[in-house]
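Comments concern the structure below.
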Amino acid sequence: MTDSAPPVVTFTTDFGVSDFYVAAMKAALLRHCPRAVMVDITHAVPRHDIRFGAIMIERALSAFPPGTVHVGVVDPGVGTDRRLIAATWPALRQTVLCPDNGLITWAVGRLGPAEVRELTWRPSTPPSNVFHGRDILAPAAGLLAAGVPIGQIAGEAVSPLLLPVRPARAIDDDVCVIHIDHYGNATTNLPATLLGGWPDWRVRVGGRELIGLCRTYHDVPVGEPLILVGSSGLLEIAVCEGSAQALLGLRAGDAVMLRRA
Amino acid sequence: MTDSAPPVVTFTTDFGVSDFYVAAMKAALLRHCPRAVMVDITHAVPRHDIRFGAIMIERALSAFPPGTVHVGVVDPGVGTDRRLIAATWPALRQTVLCPDNGLITWAVGRLGPAEVRELTWRPSTPPSNVFHGRDILAPAAGLLAAGVPIGQIAGEAVSPLLLPVRPARAIDDDVCVIHIDHYGNATTNLPATLLGGWPDWRVRVGGRELIGLCRTYHDVPVGEPLILVGSSGLLEIAVCEGSAQALLGLRAGDAVMLRRA
Amino acid sequence: MTDSAPPVVTFTTDFGVSDFYVAAMKAALLRHCPRAVMVDITHAVPRHDIRFGAIMIERALSAFPPGTVHVGVVDPGVGTDRRLIAATWPALRQTVLCPDNGLITWAVGRLGPAEVRELTWRPSTPPSNVFHGRDILAPAAGLLAAGVPIGQIAGEAVSPLLLPVRPARAIDDDVCVIHIDHYGNATTNLPATLLGGWPDWRVRVGGRELIGLCRTYHDVPVGEPLILVGSSGLLEIAVCEGSAQALLGLRAGDAVMLRRA
């Protein structure tokens, strides 16, 4: 990365990709920051599923280089008196702009507290009441990506709304499935660091007991379930070339019990 | 926007995203304009649904900065004698390249008449008869985005084909649903300017009467239908945290009756 | 194309677009090549369908300009002892980085043999066992796109694994459907060059005989099946404004018989 690297802005929404809404945000952003590299995280957050969006936003923060600005729009309360916020993790030098509805919950849980301010920037023509992603968040992200100091778009420090979901702190903490991915793999809220490097774990989930932490998806025969450390450093339940969601009937929120064999 | 801002090109198609077709157009464009910022409007236009594509293209024109070039490909007649056109809105300094099959209808209706010429540019190797988006439209867009004058890719002024769909000009004009979005919100062809700033409207649609223009989706209880001004400045029928399409059984073309209470 | 054109990197995966996985690769790539133009070929390769992925990768190679780097990730064997490879077509000046599982099969069949080396580059922190697309392939592609010589990321020449699928070499060779596209058009493995410019072909497929090579999709009435040369220069079976897949019940692998009328 050189200083002349173009700024990066990411988008995480529940807009889907069949409509104009994602492009409307990109158009608004390009007006303020024509050189931005724009990356879609996902627009397939289930409608109004803030927890799903929060997991995606944490992953974006963990992956992208310093200087990246992230726009998160899962916003059932658009136009009401809910706040907009700018949340910065100074050690990462990255900022998330989003409604204050819990979208930064998982990032705070895994990456530590953020410096959160109210996003006070507003366009010169009044924004609509139905699409603040286009009218406020994307242009503000463009300004930030173009080098405008955060103090010019955000005001006082505020205490953000957080959802009751957090990484497990011990193996006897509340461990549960937090996300089902495209392949049917089930990610839990248990950081792999809590597994202590031991392989001899037993996990009870979906009425099955899975024995022994695997290293790869192919450590068991095709079609068999397994546990391993997933790509985001969390305990994951998977099926070799199959779907843990389908085989074990898993969904977000399902309890997971661990013990050493 | 500085003069050195990279050129922007958008794509609106019915190609879906499971195939190579979108990337084929981008590859063709990059050969002529390697610095283009390429933005997908949507590739989920229902197959051959020119009206849906036309609505997306108008929204792109309304949102993107001057200089943007838009490629529209919903093209059931590819390889036949249907024309290709370049339509420019001088006040916007934006141009749409597309088949002459009605794709600019909604833009003409909302933004006013365009300067429309026949797109006469052809590649040095003969184009295929099955994919003019890749063989003609995308490279021509690349040339235009790279600064080639439009007179070098387009010829005589022509009168474009327009579909029988237009914005309502009065509240007793033909008002109807023109688009159902990802959330099940139903956009009508009625510009909000015709509502005169009054809140006391009654709308009859899908066998229900909806009373009072709302300001936000949350002005009614969760699950209840409402009317409000949508993000493109048109009257919209929605359901708070639900789907107007599902609740009211709406589809494009459905009649909408308005009167003041 | 000038020398200062930004490098192009494409992505072909079976990741879907509902998860963070595609963005994770882009983040890894941008850390090594912040100026890359990143193009999605498709992320809708059916899970673990290497043949589908191989067809997409060949189309990318055929379409993109010299210098393009392609990342292909359909990788059921991630974390096992399967190799990663870098396959270069010198005449195209393009390179594919992917697992050595057959993903370059169709490109070798249509474009000729590649210079294939083992991809030996590894990150300074050990890669995960579950996501080499993010941990190895994308950063290596970033290095290559940023100008690092291939000898610094790849080692010895190796003989790649190829699947038993190849372009037909004669009209009485094994001709079959290799791909069904978004519209239900069925692409075969028969290069149009073998059709010798004659229009008087009869094709038997899906229990029907289709007579006469058409020039466009509209050479038959709406709803009728036809044969023509598709956009990738292969014999294609289609239905005018309909789906050959649905009408004729076609799928990849179905035999196709040709003779002159």
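Residue numbers start at 1 in each chain; chains themselves are named A, B, ... in the order of the structure tokens; ligands are numbered from 1 in the order shown.
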| task | Using DSSP on the backbone, list every residue of segment 72-207 of chain C that comes out as helix (DSSP H, G or I), and give them as a PyMOL selection string. | result | chain C and resi 105-111+132-145+150-152+192-195
With a cut-off of 10 Å, could you pull out the residues of chain A touching chain B and give me the nearest pair of atoms for each, distance in Å to one decimal, using only C-alpha atoms, ordered by chain and ascending number, as a tab-separated table?
```
residue	atom	partner	partner_atom	distance
A:Asp14	CA	B:His182	CA	9.3
A:Phe15	CA	B:His182	CA	6.8
A:Gly16	CA	B:His182	CA	6.4
A:Val17	CA	B:Thr42	CA	6.3
A:Ser18	CA	B:Ala44	CA	4.9
A:Asp19	CA	B:Thr42	CA	6.2
A:Phe20	CA	B:Ile41	CA	5.8
A:Tyr21	CA	B:Ile41	CA	8.4
A:Val22	CA	B:Ile41	CA	7.6
A:Ala23	CA	B:Ile41	CA	5.3
A:Ala24	CA	B:Ala63	CA	6.2
A:Met25	CA	B:Ala63	CA	8.9
A:Lys26	CA	B:Val39	CA	7.8
A:Ala27	CA	B:Phe64	CA	4.9
A:Ala28	CA	B:Ala63	CA	7.1
A:Leu29	CA	B:Phe64	CA	9.6
A:Leu30	CA	B:Pro65	CA	7.8
A:Arg31	CA	B:Pro65	CA	6.3
A:His32	CA	B:Met1	CA	7.0
A:Cys33	CA	B:Met1	CA	7.7
A:Pro34	CA	B:Ala5	CA	5.6
A:Arg35	CA	B:Ala5	CA	6.6
A:Ala36	CA	B:Val37	CA	9.1
A:Val37	CA	B:Val37	CA	8.6
A:Met38	CA	B:Val39	CA	9.2
A:Arg47	CA	B:Tyr183	CA	7.7
A:His48	CA	B:Glu241	CA	8.0
A:Pro76	CA	B:Glu241	CA	6.9
A:Gly77	CA	B:His218	CA	6.9
A:Val78	CA	B:Thr216	CA	7.2
A:Gly79	CA	B:Thr216	CA	5.5
A:Thr80	CA	B:Thr216	CA	7.0
A:Pro127	CA	B:Ser231	CA	9.7
A:Ser128	CA	B:Ser231	CA	6.7
A:Asn129	CA	B:Thr216	CA	5.8
A:Val130	CA	B:Ser231	CA	6.1
A:Phe131	CA	B:Ser231	CA	6.1
A:His132	CA	B:Ser231	CA	9.5
A:Arg134	CA	B:Ser231	CA	9.1
A:Asp135	CA	B:Ser231	CA	9.5
```
Can I get the selected residues back with C-alpha atoms, as a compact mmCIF listing (two decimals), in the first residue's frame?
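selection-v1.txt, written as the output of this step:
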```txt
# COMPACT_ATOMS: atom_id res chain seq x y z
CA ASP A 14 -30.26 -6.06 2.58
CA PHE A 15 -31.11 -4.45 -0.80
CA GLY A 16 -30.74 -7.54 -2.98
CA VAL A 17 -29.28 -7.08 -6.45
CA SER A 18 -32.43 -7.02 -8.55
CA ASP A 19 -33.13 -3.33 -7.98
CA PHE A 20 -31.44 0.01 -8.50
CA TYR A 21 -30.73 0.65 -4.82
CA VAL A 22 -27.11 -0.54 -4.69
CA ALA A 23 -26.20 1.48 -7.79
CA ALA A 24 -27.94 4.53 -6.33
CA MET A 25 -25.52 4.44 -3.39
CA LYS A 26 -22.53 3.98 -5.67
CA ALA A 27 -23.61 6.94 -7.81
CA ALA A 28 -23.92 9.12 -4.71
CA LEU A 29 -20.50 8.01 -3.51
CA LEU A 30 -18.77 8.60 -6.85
CA ARG A 31 -19.99 12.20 -6.86
CA HIS A 32 -17.86 12.82 -3.77
CA CYS A 33 -15.01 10.38 -4.37
CA PRO A 34 -14.64 9.50 -8.07
CA ARG A 35 -11.50 7.42 -7.48
CA ALA A 36 -12.98 5.12 -4.83
CA VAL A 37 -12.58 1.38 -5.29
CA MET A 38 -16.05 0.12 -4.41
CA ARG A 47 -34.43 -8.24 4.98
CA HIS A 48 -33.98 -6.34 8.25
CA PRO A 76 -35.95 -0.80 8.99
CA GLY A 77 -36.19 2.45 10.96
CA VAL A 78 -35.23 4.78 8.10
CA GLY A 79 -36.87 8.17 8.44
CA THR A 80 -37.73 7.69 12.15
CA PRO A 127 -32.66 13.87 2.30
CA SER A 128 -35.63 11.62 1.57
CA ASN A 129 -37.27 9.83 4.48
CA VAL A 130 -36.96 6.45 2.80
CA PHE A 131 -33.35 6.03 1.59
CA HIS A 132 -30.65 7.40 3.87
CA ARG A 134 -28.23 6.99 -0.79
CA ASP A 135 -28.92 10.40 0.67
```
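When only C-alpha atoms are used to compute distances to Glu58 of chain B, the closest of the residues B:Pro126, B:Pro167, B:Gly142, B:Gly249 turns out to be B:Pro167.
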Please, which residues of segment 164-194 of chain C, numbered as in this document, come out strand (DSSP E or B) from DSSP, as an mmCIF file with C-alpha atoms, in the first residue's frame?
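And here is the file that came out, out24.cif:
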```cif
data_model
loop_
_atom_site.group_PDB
_atom_site.id
_atom_site.type_symbol
_atom_site.label_atom_id
_atom_site.label_comp_id
_atom_site.auth_asym_id
_atom_site.auth_seq_id
_atom_site.Cartn_x
_atom_site.Cartn_y
_atom_site.Cartn_z
ATOM 1 C CA CYS C 176 -22.561 -33.193 -26.259
ATOM 2 C CA VAL C 177 -24.148 -30.378 -24.281
ATOM 3 C CA ILE C 178 -21.527 -28.829 -22.004
ATOM 4 C CA HIS C 179 -23.350 -25.873 -20.486
ATOM 5 C CA ILE C 180 -26.879 -24.543 -19.990
ATOM 6 C CA ALA C 186 -27.581 -25.245 -24.423
ATOM 7 C CA THR C 187 -23.960 -24.850 -25.517
ATOM 8 C CA THR C 188 -22.273 -27.882 -27.062
ATOM 9 C CA ASN C 189 -18.597 -28.784 -27.354
ATOM 10 C CA LEU C 190 -18.694 -28.426 -31.155
ATOM 11 C CA PRO C 191 -16.632 -25.523 -32.551
#
```
Arg260 of chain C: which residues within 9 Å, counting only C-alpha atoms, same-chain residues fewer than 3 positions away excluded, as a tab-separated table (two decimals) with N, CA, C and O atoms, in the first residue's frame?
```
chain	number	residue	atom	x	y	z
C	198	TRP	N	-21.60	-24.42	-43.94
C	198	TRP	CA	-22.85	-24.90	-44.54
C	198	TRP	C	-24.03	-24.66	-43.60
C	198	TRP	O	-23.90	-24.81	-42.39
C	199	PRO	N	-25.17	-24.33	-44.13
C	199	PRO	CA	-26.34	-24.13	-43.27
C	199	PRO	C	-27.20	-25.39	-43.09
C	199	PRO	O	-28.08	-25.43	-42.24
C	200	ASP	N	-26.96	-26.42	-43.92
C	200	ASP	CA	-27.92	-27.53	-44.02
C	200	ASP	C	-27.63	-28.67	-43.04
C	200	ASP	O	-27.51	-29.82	-43.42
C	201	TRP	N	-27.55	-28.31	-41.74
C	201	TRP	CA	-27.29	-29.32	-40.72
C	201	TRP	C	-28.59	-29.79	-40.09
C	201	TRP	O	-29.55	-29.05	-39.97
C	202	ARG	N	-28.56	-31.07	-39.71
C	202	ARG	CA	-29.64	-31.61	-38.88
C	202	ARG	C	-29.02	-32.05	-37.56
C	202	ARG	O	-28.00	-32.75	-37.57
C	203	VAL	N	-29.64	-31.67	-36.49
C	203	VAL	CA	-29.13	-32.00	-35.17
C	203	VAL	C	-30.21	-32.77	-34.41
C	203	VAL	O	-31.36	-32.32	-34.35
C	212	GLY	N	-31.44	-27.22	-40.00
C	212	GLY	CA	-31.01	-25.94	-40.57
C	212	GLY	C	-30.36	-25.04	-39.54
C	212	GLY	O	-30.98	-24.71	-38.52
```
